[in-house]
file start06.cif (mmCIF, C-alpha atoms and all ligand atoms)
data_upload
#
loop_
_atom_site.label_atom_id
_atom_site.label_comp_id
_atom_site.auth_asym_id
_atom_site.auth_seq_id
_atom_site.Cartn_x
_atom_site.Cartn_y
_atom_site.Cartn_z
CA MET W 1 -11.35 11.51 -22.84
CA ASN W 2 -13.50 12.93 -20.08
CA CYS W 3 -12.03 12.02 -16.67
CA PHE W 4 -13.69 12.56 -13.30
CA VAL W 5 -11.92 12.44 -9.91
CA PRO W 6 -14.43 12.29 -7.03
CA ALA W 7 -13.62 13.23 -3.44
CA GLU W 8 -12.99 10.11 -1.34
CA ASN W 9 -15.97 9.10 0.76
CA SER W 10 -14.37 6.26 2.74
CA LEU W 11 -14.06 7.12 6.41
CA GLY W 12 -10.51 8.13 7.32
CA GLU W 13 -9.19 8.32 3.74
CA THR W 14 -7.02 11.42 3.46
CA ARG W 15 -5.38 10.78 0.07
CA THR W 16 -6.65 11.50 -3.44
CA ALA W 17 -5.94 10.23 -6.95
CA LEU W 18 -4.89 13.59 -8.40
CA THR W 19 -2.61 16.52 -7.53
CA PRO W 20 -2.49 19.85 -9.32
CA VAL W 21 0.85 18.76 -10.84
CA SER W 22 -0.54 15.47 -12.19
CA ALA W 23 -3.68 17.33 -13.35
CA ALA W 24 -1.55 19.73 -15.41
CA GLY W 25 0.24 16.78 -17.03
CA LEU W 26 -3.02 15.02 -17.90
CA VAL W 27 -4.59 18.20 -19.31
CA LYS W 28 -1.46 18.65 -21.44
CA LEU W 29 -1.91 15.12 -22.77
CA GLY W 30 -5.40 16.08 -23.94
CA LEU W 31 -7.73 14.84 -21.18
CA THR W 32 -10.71 16.84 -19.97
CA LEU W 33 -10.54 16.80 -16.17
CA ASN W 34 -13.48 17.26 -13.81
CA VAL W 35 -12.56 17.38 -10.14
CA GLN W 36 -14.98 17.31 -7.22
CA ALA W 37 -14.72 20.49 -5.16
CA GLY W 38 -12.75 19.88 -1.96
CA LEU W 39 -10.87 16.91 -3.48
CA GLY W 40 -7.49 17.75 -1.96
CA HIS W 41 -8.76 19.31 1.23
CA LEU W 42 -7.35 16.62 3.55
CA SER W 43 -3.99 16.42 1.77
CA ASN W 44 -3.46 20.17 1.43
CA TYR W 45 -4.02 20.58 -2.30
CA PRO W 46 -6.36 23.60 -2.63
CA ASP W 47 -9.23 23.73 -5.14
CA ALA W 48 -7.72 26.81 -6.79
CA ALA W 49 -4.53 24.90 -7.64
CA TYR W 50 -6.57 22.30 -9.57
CA THR W 51 -8.36 24.96 -11.62
CA GLU W 52 -5.04 26.71 -12.29
CA ALA W 53 -3.79 23.37 -13.62
CA GLY W 54 -6.65 23.29 -16.12
CA ALA W 55 -9.22 21.10 -14.32
CA THR W 56 -12.86 22.07 -13.83
CA LEU W 57 -14.33 21.99 -10.33
CA VAL W 58 -17.71 20.26 -10.07
CA THR W 59 -20.16 20.00 -7.19
CA ASP W 60 -22.59 17.50 -8.73
CA ALA W 61 -20.50 14.32 -8.38
CA ALA W 62 -23.26 12.00 -9.65
CA ALA W 63 -23.63 13.94 -12.91
CA ALA W 64 -19.87 14.11 -13.46
CA GLN W 65 -19.54 10.39 -12.77
CA ALA W 66 -22.37 9.56 -15.18
CA SER W 67 -20.72 11.35 -18.09
CA ALA W 68 -17.10 10.29 -17.41
CA ASP W 69 -15.10 7.98 -19.70
CA LEU W 70 -12.66 7.39 -16.85
CA VAL W 71 -13.18 7.66 -13.08
CA MET W 72 -10.09 7.69 -10.80
CA ARG W 73 -10.39 7.33 -7.05
CA VAL W 74 -8.22 5.88 -4.27
CA ARG W 75 -10.67 3.53 -2.54
CA LYS W 76 -13.04 1.06 -4.15
CA PRO W 77 -16.38 2.49 -5.29
CA THR W 78 -19.79 1.61 -3.85
CA PRO W 79 -22.19 -0.49 -5.97
CA ALA W 80 -24.22 2.73 -6.45
CA ASP W 81 -21.12 4.47 -7.86
CA ILE W 82 -20.72 1.69 -10.42
CA ALA W 83 -24.41 1.74 -11.31
CA GLY W 84 -24.10 5.48 -11.91
CA MET W 85 -21.35 5.09 -14.53
CA LYS W 86 -21.88 4.68 -18.25
CA ARG W 87 -21.21 1.36 -20.00
CA GLY W 88 -17.76 1.23 -21.59
CA ALA W 89 -16.27 3.67 -19.06
CA TRP W 90 -13.01 2.87 -17.21
CA HIS W 91 -12.54 2.83 -13.45
CA LEU W 92 -9.07 3.00 -11.84
CA SER W 93 -8.61 2.50 -8.07
CA PHE W 94 -7.49 0.12 -5.36
CA LEU W 95 -10.11 -2.65 -5.46
CA ASP W 96 -9.06 -5.38 -3.02
CA PRO W 97 -10.20 -7.84 -5.74
CA PHE W 98 -9.48 -11.02 -3.74
CA ASN W 99 -12.13 -10.00 -1.21
CA GLU W 100 -14.60 -8.14 -3.44
CA ARG W 101 -16.36 -10.72 -5.59
CA GLU W 102 -19.69 -8.87 -5.55
CA LEU W 103 -18.05 -5.62 -6.56
CA ILE W 104 -16.29 -7.34 -9.46
CA ALA W 105 -19.64 -8.79 -10.58
CA ALA W 106 -21.18 -5.30 -10.35
CA PHE W 107 -18.45 -3.90 -12.61
CA ALA W 108 -19.05 -6.67 -15.15
CA ASN W 109 -22.85 -6.27 -15.03
CA GLY W 110 -22.55 -2.50 -15.43
CA GLY W 111 -20.19 -2.85 -18.40
CA VAL W 112 -17.52 -0.81 -16.58
CA ASN W 113 -13.88 -1.69 -17.27
CA ALA W 114 -12.34 -2.07 -13.81
CA VAL W 115 -8.61 -1.70 -13.26
CA SER W 116 -7.12 -2.75 -9.91
CA LEU W 117 -4.03 -0.85 -8.78
CA GLU W 118 -3.02 -3.81 -6.59
CA MET W 119 -2.75 -6.05 -9.65
CA ILE W 120 -0.38 -3.88 -11.70
CA PRO W 121 2.60 -6.21 -12.30
CA ARG W 122 5.71 -5.42 -10.21
CA THR W 123 7.91 -5.17 -13.32
CA THR W 124 10.55 -2.62 -14.27
CA LEU W 125 8.33 -1.24 -17.05
CA ALA W 126 5.45 -0.71 -14.62
CA GLN W 127 7.56 0.77 -11.82
CA LYS W 128 6.21 4.31 -12.32
CA MET W 129 2.65 3.10 -11.78
CA ASP W 130 3.42 0.78 -8.84
CA ALA W 131 1.04 2.20 -6.26
CA LEU W 132 1.66 -0.65 -3.80
CA SER W 133 5.32 0.37 -3.61
CA SER W 134 4.76 4.12 -3.50
CA GLN W 135 2.34 3.75 -0.60
CA ALA W 136 4.28 1.02 1.22
CA SER W 137 7.38 3.22 1.31
CA LEU W 138 5.50 5.99 3.10
CA ALA W 139 3.77 3.48 5.39
CA GLY W 140 7.17 2.14 6.47
CA TYR W 141 8.40 5.65 7.18
CA ALA W 142 5.21 6.64 9.04
CA ALA W 143 5.30 3.44 11.14
CA VAL W 144 8.62 4.50 12.67
CA ILE W 145 7.51 8.10 13.21
CA GLU W 146 4.23 7.02 14.88
CA ALA W 147 6.00 4.46 17.05
CA ALA W 148 8.68 6.97 18.08
CA GLN W 149 5.98 9.41 19.15
CA ARG W 150 4.27 6.80 21.37
CA LEU W 151 7.53 5.49 22.85
CA GLN W 152 8.58 7.28 26.00
CA MET W 153 12.20 6.89 24.99
CA ALA W 154 14.64 8.61 22.65
CA LEU W 155 15.78 6.57 19.65
CA PRO W 156 19.45 7.60 19.33
CA MET W 157 22.26 7.03 21.76
CA MET W 158 22.99 10.19 23.76
CA MET W 159 26.08 10.78 25.87
CA THR W 160 25.30 13.40 28.49
CA PRO W 161 27.08 14.53 31.67
CA ALA W 162 24.22 12.82 33.52
CA GLY W 163 24.94 9.50 31.90
CA THR W 164 24.56 7.62 28.62
CA ILE W 165 21.21 6.88 27.01
CA MET W 166 21.41 3.67 25.02
CA PRO W 167 19.88 3.56 21.51
CA ALA W 168 16.35 2.17 21.27
CA ARG W 169 16.03 -1.28 19.70
CA VAL W 170 13.77 -1.66 16.69
CA PHE W 171 12.83 -5.02 15.15
CA VAL W 172 11.34 -5.02 11.65
CA ILE W 173 9.58 -8.21 10.57
CA GLY W 174 9.21 -8.40 6.79
CA ALA W 175 11.78 -6.48 4.78
CA GLY W 176 9.90 -5.71 1.56
CA VAL W 177 9.24 -2.17 0.38
CA ALA W 178 7.66 -0.97 3.67
CA GLY W 179 10.10 -2.88 5.89
CA LEU W 180 13.20 -1.56 4.15
CA GLN W 181 11.92 2.01 4.44
CA ALA W 182 11.16 1.42 8.13
CA ILE W 183 14.70 0.10 8.66
CA ALA W 184 16.23 3.10 6.86
CA THR W 185 14.10 5.56 8.86
CA ALA W 186 14.86 3.93 12.23
CA LYS W 187 18.59 3.87 11.40
CA ARG W 188 18.52 7.57 10.46
CA LEU W 189 16.93 8.29 13.85
CA GLY W 190 19.79 6.46 15.52
CA ALA W 191 18.07 3.25 16.65
CA ARG W 192 19.70 -0.16 16.72
CA VAL W 193 17.78 -2.19 14.14
CA ASP W 194 17.23 -5.93 13.64
CA ALA W 195 15.18 -7.36 10.80
CA PHE W 196 13.89 -10.68 9.49
CA ASP W 197 12.26 -11.85 6.26
CA THR W 198 11.49 -15.31 4.92
CA ARG W 199 12.97 -14.41 1.52
CA PRO W 200 16.72 -14.99 1.94
CA VAL W 201 17.50 -12.60 -0.95
CA VAL W 202 16.58 -9.73 1.36
CA GLU W 203 19.43 -10.34 3.82
CA GLU W 204 21.95 -8.34 1.81
CA GLN W 205 19.57 -5.37 1.46
CA VAL W 206 18.97 -5.35 5.22
CA ARG W 207 22.70 -5.38 5.92
CA SER W 208 23.39 -2.61 3.41
CA LEU W 209 21.06 -0.36 5.43
CA GLY W 210 23.15 -0.99 8.54
CA ALA W 211 20.69 -3.33 10.26
CA LYS W 212 21.33 -6.83 11.57
CA PHE W 213 19.55 -9.73 9.84
CA VAL W 214 18.16 -12.20 12.38
CA LYS W 215 19.07 -15.73 11.30
CA ILE W 216 16.29 -18.31 11.62
CA ASP W 217 16.60 -21.57 9.71
CA LEU W 218 13.15 -22.30 8.27
CA GLY W 219 14.29 -24.71 5.55
CA GLU W 220 12.88 -24.12 2.06
CA THR W 221 10.89 -20.83 1.90
CA GLY W 222 11.37 -19.32 -1.54
CA GLN W 223 9.24 -16.81 -3.39
CA THR W 224 6.58 -16.78 -6.10
CA ALA W 225 7.34 -15.96 -9.75
CA GLY W 226 6.08 -12.43 -9.01
CA GLY W 227 8.70 -12.02 -6.24
CA TYR W 228 6.22 -12.40 -3.35
CA ALA W 229 6.80 -14.55 -0.26
CA LYS W 230 5.20 -17.99 -0.22
CA ALA W 231 3.00 -19.01 2.73
CA LEU W 232 4.92 -20.98 5.38
CA THR W 233 3.82 -24.36 6.74
CA PRO W 234 2.47 -24.33 10.34
CA GLU W 235 5.77 -25.94 11.43
CA GLN W 236 7.79 -23.18 9.77
CA VAL W 237 5.61 -20.48 11.39
CA ALA W 238 6.21 -22.12 14.80
CA LYS W 239 9.98 -22.17 14.14
CA GLN W 240 9.90 -18.53 13.09
CA GLN W 241 7.96 -17.53 16.21
CA ALA W 242 10.45 -19.36 18.44
CA GLY W 243 13.38 -17.75 16.62
CA MET W 244 11.95 -14.25 16.97
CA ALA W 245 10.70 -14.45 20.59
CA LYS W 246 13.97 -13.35 22.21
CA VAL W 247 14.52 -10.44 19.79
CA ILE W 248 10.93 -9.26 20.31
CA ALA W 249 11.33 -9.36 24.11
CA GLN W 250 14.46 -7.19 23.84
CA SER W 251 12.94 -4.68 21.39
CA ASP W 252 11.43 -1.30 22.24
CA ILE W 253 9.65 -1.06 18.88
CA VAL W 254 8.48 -3.98 16.72
CA ILE W 255 7.18 -3.20 13.22
CA THR W 256 5.49 -6.02 11.33
CA THR W 257 5.00 -5.77 7.55
CA ALA W 258 4.68 -9.44 6.57
CA LYS W 259 1.99 -9.74 3.93
CA LEU W 260 1.12 -12.59 1.59
CA PHE W 261 -0.21 -11.30 -1.71
CA GLY W 262 -3.90 -12.19 -2.10
CA ARG W 263 -3.97 -14.18 1.14
CA LYS W 264 -4.44 -13.56 4.85
CA ALA W 265 -1.31 -12.26 6.59
CA PRO W 266 0.38 -14.77 8.95
CA THR W 267 0.15 -14.34 12.74
CA LEU W 268 3.76 -13.87 13.80
CA VAL W 269 3.64 -12.00 17.12
CA THR W 270 1.57 -13.99 19.62
CA LYS W 271 -0.07 -12.81 22.83
CA ALA W 272 2.64 -14.64 24.77
CA MET W 273 5.32 -12.67 22.92
CA LEU W 274 3.49 -9.40 23.67
CA ALA W 275 3.33 -10.42 27.34
CA GLY W 276 7.11 -10.89 27.28
CA MET W 277 7.76 -7.34 26.05
CA LYS W 278 8.80 -4.47 28.32
CA PRO W 279 6.11 -2.02 29.50
CA GLY W 280 6.01 1.03 27.27
CA SER W 281 7.14 -0.88 24.17
CA VAL W 282 5.34 -0.18 20.91
CA VAL W 283 4.26 -2.60 18.18
CA VAL W 284 3.08 -1.41 14.75
CA ASP W 285 1.10 -3.91 12.66
CA LEU W 286 1.32 -2.71 9.06
CA ALA W 287 -0.43 -5.87 7.89
CA VAL W 288 -3.48 -5.18 10.06
CA GLU W 289 -5.86 -4.62 7.13
CA GLY W 290 -4.92 -7.96 5.59
CA GLY W 291 -5.62 -9.96 8.77
CA GLY W 292 -2.73 -8.73 10.90
CA ASN W 293 0.65 -10.12 11.98
CA VAL W 294 -0.04 -9.47 15.65
CA GLU W 295 -2.43 -11.69 17.58
CA GLY W 296 -5.48 -9.69 18.68
CA ALA W 297 -4.75 -6.69 16.44
CA ARG W 298 -7.80 -5.26 14.66
CA SER W 299 -7.81 -2.45 12.15
CA GLY W 300 -8.68 0.75 14.05
CA ALA W 301 -7.66 2.36 17.32
CA ASP W 302 -4.49 1.54 19.27
CA ILE W 303 -4.63 -1.35 21.74
CA VAL W 304 -2.77 -1.25 25.06
CA THR W 305 -2.04 -4.68 26.55
CA GLU W 306 -2.23 -5.49 30.28
CA ASN W 307 1.56 -5.21 30.54
CA GLY W 308 1.56 -1.75 28.93
CA VAL W 309 2.54 -2.55 25.33
CA THR W 310 0.89 -0.25 22.75
CA ILE W 311 -0.16 -1.89 19.47
CA ILE W 312 -0.71 0.64 16.68
CA CYS W 313 -3.44 -0.76 14.41
CA HIS W 314 -3.89 2.19 12.06
CA PRO W 315 -5.27 0.73 8.80
CA CYS W 316 -3.49 3.24 6.54
CA LEU W 317 -0.41 4.84 8.05
CA GLU W 318 0.58 6.34 4.69
CA GLY W 319 -2.54 8.49 5.13
CA THR W 320 -0.83 10.27 8.03
CA VAL W 321 1.54 11.78 5.46
CA ALA W 322 -1.29 12.41 3.01
CA HIS W 323 0.38 15.23 1.07
CA HIS W 324 3.31 13.11 -0.05
CA ALA W 325 1.30 9.88 -0.27
CA THR W 326 -1.03 11.71 -2.67
CA GLN W 327 1.88 13.18 -4.61
CA VAL W 328 3.34 9.79 -5.48
CA LEU W 329 -0.02 8.04 -5.84
CA ALA W 330 -1.24 10.67 -8.31
CA ALA W 331 1.99 10.18 -10.27
CA ASN W 332 1.19 6.42 -10.41
CA TYR W 333 -2.28 7.12 -11.89
CA ALA W 334 -0.86 9.59 -14.40
CA ALA W 335 1.83 7.11 -15.47
CA TRP W 336 -0.85 4.44 -16.06
CA ILE W 337 -2.87 6.76 -18.31
CA THR W 338 0.22 8.01 -20.13
CA HIS W 339 1.25 4.42 -20.90
CA PHE W 340 -1.99 3.87 -22.82
CA TRP W 341 -2.18 7.32 -24.38
CA ASP W 342 -1.82 7.74 -28.13
CA GLU W 343 0.19 10.98 -28.37
CA LYS W 344 -0.55 11.51 -32.06
CA GLU W 345 -4.30 11.01 -31.97
CA LYS W 346 -4.65 12.35 -28.41
CA VAL W 347 -6.79 9.38 -27.41
CA PHE W 348 -6.70 6.65 -24.76
CA ARG W 349 -5.97 3.35 -26.49
CA ALA W 350 -6.20 0.28 -24.30
CA ASP W 351 -4.21 -2.55 -25.87
CA LEU W 352 -5.70 -5.72 -24.40
CA ASN W 353 -2.50 -7.59 -25.25
CA ASP W 354 -0.36 -5.21 -23.22
CA GLU W 355 1.28 -7.13 -20.35
CA ILE W 356 0.55 -4.39 -17.80
CA LEU W 357 -3.11 -4.17 -18.77
CA LYS W 358 -3.47 -7.95 -18.79
CA GLY W 359 -2.17 -7.96 -15.22
CA CYS W 360 -4.51 -5.33 -13.78
CA LEU W 361 -7.71 -5.38 -15.89
CA ILE W 362 -10.37 -7.23 -13.91
CA THR W 363 -13.51 -6.64 -16.03
CA HIS W 364 -13.91 -5.60 -19.66
CA ASP W 365 -16.83 -5.19 -22.01
CA GLY W 366 -19.37 -6.67 -19.58
CA ALA W 367 -17.31 -9.69 -18.50
CA ILE W 368 -14.75 -10.69 -15.87
CA VAL W 369 -11.54 -11.09 -17.87
CA HIS W 370 -8.76 -11.53 -15.30
CA PRO W 371 -7.92 -15.26 -15.07
CA GLN W 372 -7.52 -15.10 -11.28
CA PHE W 373 -11.10 -13.90 -10.82
CA VAL W 374 -13.04 -15.41 -13.72
CA SER W 375 -14.55 -18.27 -11.74
CA LYS W 376 -14.71 -16.44 -8.44
CA ALA W 377 -17.45 -13.81 -8.90
P1 LIG E 401 4.63 -7.65 0.65
O1 LIG E 401 4.01 -6.36 1.07
O2 LIG E 401 3.80 -8.66 -0.04
O3 LIG E 401 5.31 -8.34 1.94
C1 LIG E 401 6.18 -7.61 2.78
C2 LIG E 401 7.37 -8.47 3.16
O4 LIG E 401 6.97 -9.46 4.10
C3 LIG E 401 8.00 -9.23 2.00
O5 LIG E 401 9.37 -8.90 1.92
C4 LIG E 401 7.79 -10.70 2.36
O6 LIG E 401 8.86 -11.51 1.93
C5 LIG E 401 7.72 -10.62 3.86
N1 LIG E 401 7.13 -11.77 4.53
C6 LIG E 401 6.08 -12.56 4.15
N2 LIG E 401 5.85 -13.52 5.07
C7 LIG E 401 6.76 -13.34 6.06
C8 LIG E 401 7.03 -14.00 7.30
N3 LIG E 401 6.35 -15.07 7.70
N4 LIG E 401 8.04 -13.52 8.06
C9 LIG E 401 8.77 -12.46 7.68
N5 LIG E 401 8.56 -11.79 6.53
C10 LIG E 401 7.57 -12.24 5.73
O7 LIG E 401 5.92 -7.37 -0.26
P2 LIG E 401 6.35 -6.06 -1.05
O8 LIG E 401 7.07 -5.18 -0.13
O9 LIG E 401 5.17 -5.52 -1.77
O10 LIG E 401 7.38 -6.66 -2.10
C11 LIG E 401 7.14 -7.91 -2.73
C12 LIG E 401 8.20 -8.23 -3.72
O11 LIG E 401 8.05 -7.42 -4.88
C13 LIG E 401 9.59 -7.98 -3.24
O12 LIG E 401 10.40 -9.02 -3.74
C14 LIG E 401 9.99 -6.70 -3.88
O13 LIG E 401 11.38 -6.58 -4.01
C15 LIG E 401 9.31 -6.89 -5.20
N6 LIG E 401 9.08 -5.61 -5.87
C16 LIG E 401 9.52 -5.48 -7.17
C17 LIG E 401 9.33 -4.28 -7.82
C18 LIG E 401 9.79 -4.10 -9.25
O14 LIG E 401 10.56 -4.86 -9.75
N7 LIG E 401 9.34 -3.07 -9.93
C19 LIG E 401 8.70 -3.24 -7.19
C20 LIG E 401 8.27 -3.42 -5.88
C21 LIG E 401 8.45 -4.62 -5.24
#

call {"tool": "encode", "arguments": {"input": "start06.cif", "output": "structure tokens"}}
result
Amino acid sequence: MNCFVPAENSLGETRTALTPVSAAGLVKLGLTLNVQAGLGHLSNYPDAAYTEAGATLVTDAAAAQASADLVMRVRKPTPADIAGMKRGAWHLSFLDPFNERELIAAFANGGVNAVSLEMIPRTTLAQKMDALSSQASLAGYAAVIEAAQRLQMALPMMMTPAGTIMPARVFVIGAGVAGLQAIATAKRLGARVDAFDTRPVVEEQVRSLGAKFVKIDLGETGQTAGGYAKALTPEQVAKQQAGMAKVIAQSDIVITTAKLFGRKAPTLVTKAMLAGMKPGSVVVDLAVEGGGNVEGARSGADIVTENGVTIICHPCLEGTVAHHATQVLAANYAAWITHFWDEKEKVFRADLNDEILKGCLITHDGAIVHPQFVSKA
């Protein structure tokens, strides 16, 4: 199998789909690897390390893409990228399939088999290829680090001869993969941490990290069969906002991570709540790319409110720790390929009845095959 990994051309993307370590593993499996020169430049993986691992550096990306059986990249391709691939080839990347109907149609029309990393089932068997989790963990960590750098306060309690500095207060809204990592990071830095999630099963995990779970009675909330939060009713959202307002006003850092899989993120921190925060406080909206949890937040540069609250709206905080984000992401790609690799014959064998493939394969053999997108392109 001839695999090509192009350099990312999306503005601001610092990660890649391959490290020298994952390249060595894939070459050992029996893949032929072509890597665009400069691939790991922004994540500190030098070209020479890829060639040492057995990959070939290429400068003509279009030619390498045209002859590849598999293309791996982090961000979704352009329509021109898809048109430049051969029919029957595979494409593995984040795709944002719920918002990319035209792109899905382009994959089907071009006969390219598109796999969406977001759609890999969150099962135990697929844990090694769970790119949402690997990236969310680092985003949660980076959210605390970025917020701490903007905050003109120390996070831990300090007892000095000149008086006692009280620990900073951090409130984490949404305690999934990113939220739990944010809680753990803030606790390690000595902050006092509160957290809330609509899935009651999370309460124990929050407590075990040493944080306080904020109790808000929303009635029936529940979760989907896939373990994701269900959307709240407008009444429940209003109750949640009222329940959180006091904690938000007392917090020095608020980190929001509340996403709804395949749907717009709920607005949880209103302008009135921001106005009630202390000057110098910092809010990080980790859901900003999916619509945002903070009213007025837009993916991009920081916003400073009239009362001096900084809202960090970075669309990809895991990209600020690109070396490690790439390390674990590349391991996710390699695990996906390995799962479908026939060790004996040294060939890629996609079993269309495999539960993991059924979950993440969007187009195959010139048609849209994923039931959630069949009628939507
Ligand atoms: P996510 O990114 O979709 O959402 C982040 C968190 O926000 C979730 O905990 C969600 O409950 C919460 N949330 C949604 N609406 C909210 C609101 N109004 N207020 C407060 N919080 C709100 O979730 P995720 O981190 O990707 O995890 C989703 C689920 O998948 C979790 O149950 C997680 O444990 C599970 N998971 C399982 C595996 C596995 O078994 N291999 C791997 C990873 C995640």

call {"tool": "atom_distance", "arguments": {"input": "start06.cif", "atom1": "atom CA of W:Asn332", "atom2": "atom CA of W:Ala147"}}
result
27.9 Å

call {"tool": "closest_residue", "arguments": {"input": "start06.cif", "among": "W:Ala68, W:Cys316, W:Ala80, W:Leu260", "to": "ligand LIG 401 (chain E)", "atoms": "only C-alpha atoms and all ligand atoms"}}
result
W:Leu260

call {"tool": "closest_residue", "arguments": {"input": "start06.cif", "among": "W:Gln135, W:His41, W:Leu26, W:Glu13", "to": "W:Thr338", "atoms": "all atoms listed in the file"}}
result
W:Leu26

call {"tool": "closest_atom_pairs", "arguments": {"input": "start06.cif", "of": "chain W", "to": "ligand LIG 401 (chain E)", "cutoff": "7 Å", "atoms": "only C-alpha atoms and all ligand atoms", "output": "CSV"}}
result
residue,atom,partner,partner_atom,distance
W:Arg122,CA,E:LIG401,N7,4.3
W:Thr123,CA,E:LIG401,N7,4.2
W:Thr124,CA,E:LIG401,N7,4.5
W:Ala126,CA,E:LIG401,N7,6.5
W:Gln127,CA,E:LIG401,N7,4.6
W:Asp130,CA,E:LIG401,C19,6.8
W:Leu132,CA,E:LIG401,O9,6.3
W:Ser133,CA,E:LIG401,C20,5.3
W:Ala136,CA,E:LIG401,O8,6.9
W:Ile173,CA,E:LIG401,C9,5.2
W:Gly174,CA,E:LIG401,N5,3.5
W:Ala175,CA,E:LIG401,O5,4.5
W:Gly176,CA,E:LIG401,O5,3.3
W:Val177,CA,E:LIG401,O8,3.7
W:Ala178,CA,E:LIG401,O8,5.7
W:Gly179,CA,E:LIG401,C2,6.8
W:Phe196,CA,E:LIG401,C9,5.7
W:Asp197,CA,E:LIG401,N5,3.7
W:Thr198,CA,E:LIG401,C9,4.8
W:Arg199,CA,E:LIG401,O6,5.0
W:Gly226,CA,E:LIG401,O11,6.8
W:Gly227,CA,E:LIG401,O12,4.3
W:Tyr228,CA,E:LIG401,C11,4.6
W:Ala229,CA,E:LIG401,O6,4.3
W:Lys230,CA,E:LIG401,N2,7.0
W:Ala231,CA,E:LIG401,N2,6.6
W:Leu232,CA,E:LIG401,N3,6.5
W:Val237,CA,E:LIG401,N3,6.6
W:Thr257,CA,E:LIG401,C1,5.2
W:Ala258,CA,E:LIG401,O4,3.4
W:Lys259,CA,E:LIG401,O3,4.1
W:Leu260,CA,E:LIG401,O2,5.0
W:Phe261,CA,E:LIG401,O2,5.1
W:Pro266,CA,E:LIG401,N3,6.1
W:Leu268,CA,E:LIG401,N3,6.7

call {"tool": "residues_around", "arguments": {"input": "start06.cif", "residues": "W:Tyr333", "least_positions_apart": "5", "cutoff": "9 Å", "atoms": "only C-alpha atoms", "output": "list in words"}}
result
Ala17, Leu18, Ser22, Met72, Leu92, Ser93, Leu117, Lys128, Met129, Ala131, Val328 and Thr338 of chain W

call {"tool": "write_last_selection", "arguments": {"input": "start06.cif", "atoms": "C-alpha atoms", "output": "mmCIF file, in the frame of the given file"}}
result
data_model
loop_
_atom_site.group_PDB
_atom_site.id
_atom_site.type_symbol
_atom_site.label_atom_id
_atom_site.label_comp_id
_atom_site.auth_asym_id
_atom_site.auth_seq_id
_atom_site.Cartn_x
_atom_site.Cartn_y
_atom_site.Cartn_z
ATOM 1 C CA ALA W 17 -5.940 10.230 -6.950
ATOM 2 C CA LEU W 18 -4.890 13.590 -8.400
ATOM 3 C CA SER W 22 -0.540 15.470 -12.190
ATOM 4 C CA MET W 72 -10.090 7.690 -10.800
ATOM 5 C CA LEU W 92 -9.070 3.000 -11.840
ATOM 6 C CA SER W 93 -8.610 2.500 -8.070
ATOM 7 C CA LEU W 117 -4.030 -0.850 -8.780
ATOM 8 C CA LYS W 128 6.210 4.310 -12.320
ATOM 9 C CA MET W 129 2.650 3.100 -11.780
ATOM 10 C CA ALA W 131 1.040 2.200 -6.260
ATOM 11 C CA VAL W 328 3.340 9.790 -5.480
ATOM 12 C CA THR W 338 0.220 8.010 -20.130
#

call {"tool": "residues_around", "arguments": {"input": "start06.cif", "residues": "W:Met277", "least_positions_apart": "2", "cutoff": "12 Å", "atoms": "only C-alpha atoms", "output": "PyMOL selection string"}}
result
chain W and resi 245-254+269-275+279-283+305-311

call {"tool": "residues_around", "arguments": {"input": "start06.cif", "residues": "W:Gly25", "least_positions_apart": "6", "cutoff": "12 Å", "atoms": "only C-alpha atoms", "output": "CSV table (one decimal) with C-alpha atoms, in the coordinates of the input"}}
result
chain,number,residue,atom,x,y,z
W,18,LEU,CA,-4.9,13.6,-8.4
W,19,THR,CA,-2.6,16.5,-7.5
W,31,LEU,CA,-7.7,14.8,-21.2
W,32,THR,CA,-10.7,16.8,-20.0
W,33,LEU,CA,-10.5,16.8,-16.2
W,50,TYR,CA,-6.6,22.3,-9.6
W,53,ALA,CA,-3.8,23.4,-13.6
W,54,GLY,CA,-6.6,23.3,-16.1
W,55,ALA,CA,-9.2,21.1,-14.3
W,330,ALA,CA,-1.2,10.7,-8.3
W,331,ALA,CA,2.0,10.2,-10.3
W,333,TYR,CA,-2.3,7.1,-11.9
W,334,ALA,CA,-0.9,9.6,-14.4
W,335,ALA,CA,1.8,7.1,-15.5
W,337,ILE,CA,-2.9,6.8,-18.3
W,338,THR,CA,0.2,8.0,-20.1

call {"tool": "closest_residue", "arguments": {"input": "start06.cif", "among": "W:Gln327, W:Ser134, W:Val369, W:Leu125", "to": "W:Glu355", "atoms": "all atoms listed in the file"}}
result
W:Leu125

call {"tool": "residues_around", "arguments": {"input": "start06.cif", "residues": "W:Pro167", "least_positions_apart": "3", "cutoff": "12 Å", "atoms": "only C-alpha atoms", "output": "JSON, numbers by chain"}}
result
{"W": [153, 154, 155, 156, 157, 158, 159, 164, 170, 186, 187, 188, 189, 190, 191, 192, 193, 251, 252, 253]}

call {"tool": "closest_residue", "arguments": {"input": "start06.cif", "among": "W:Pro121, W:Thr326, W:Glu345, W:Ser116", "to": "W:Pro20", "atoms": "only C-alpha atoms"}}
result
W:Thr326
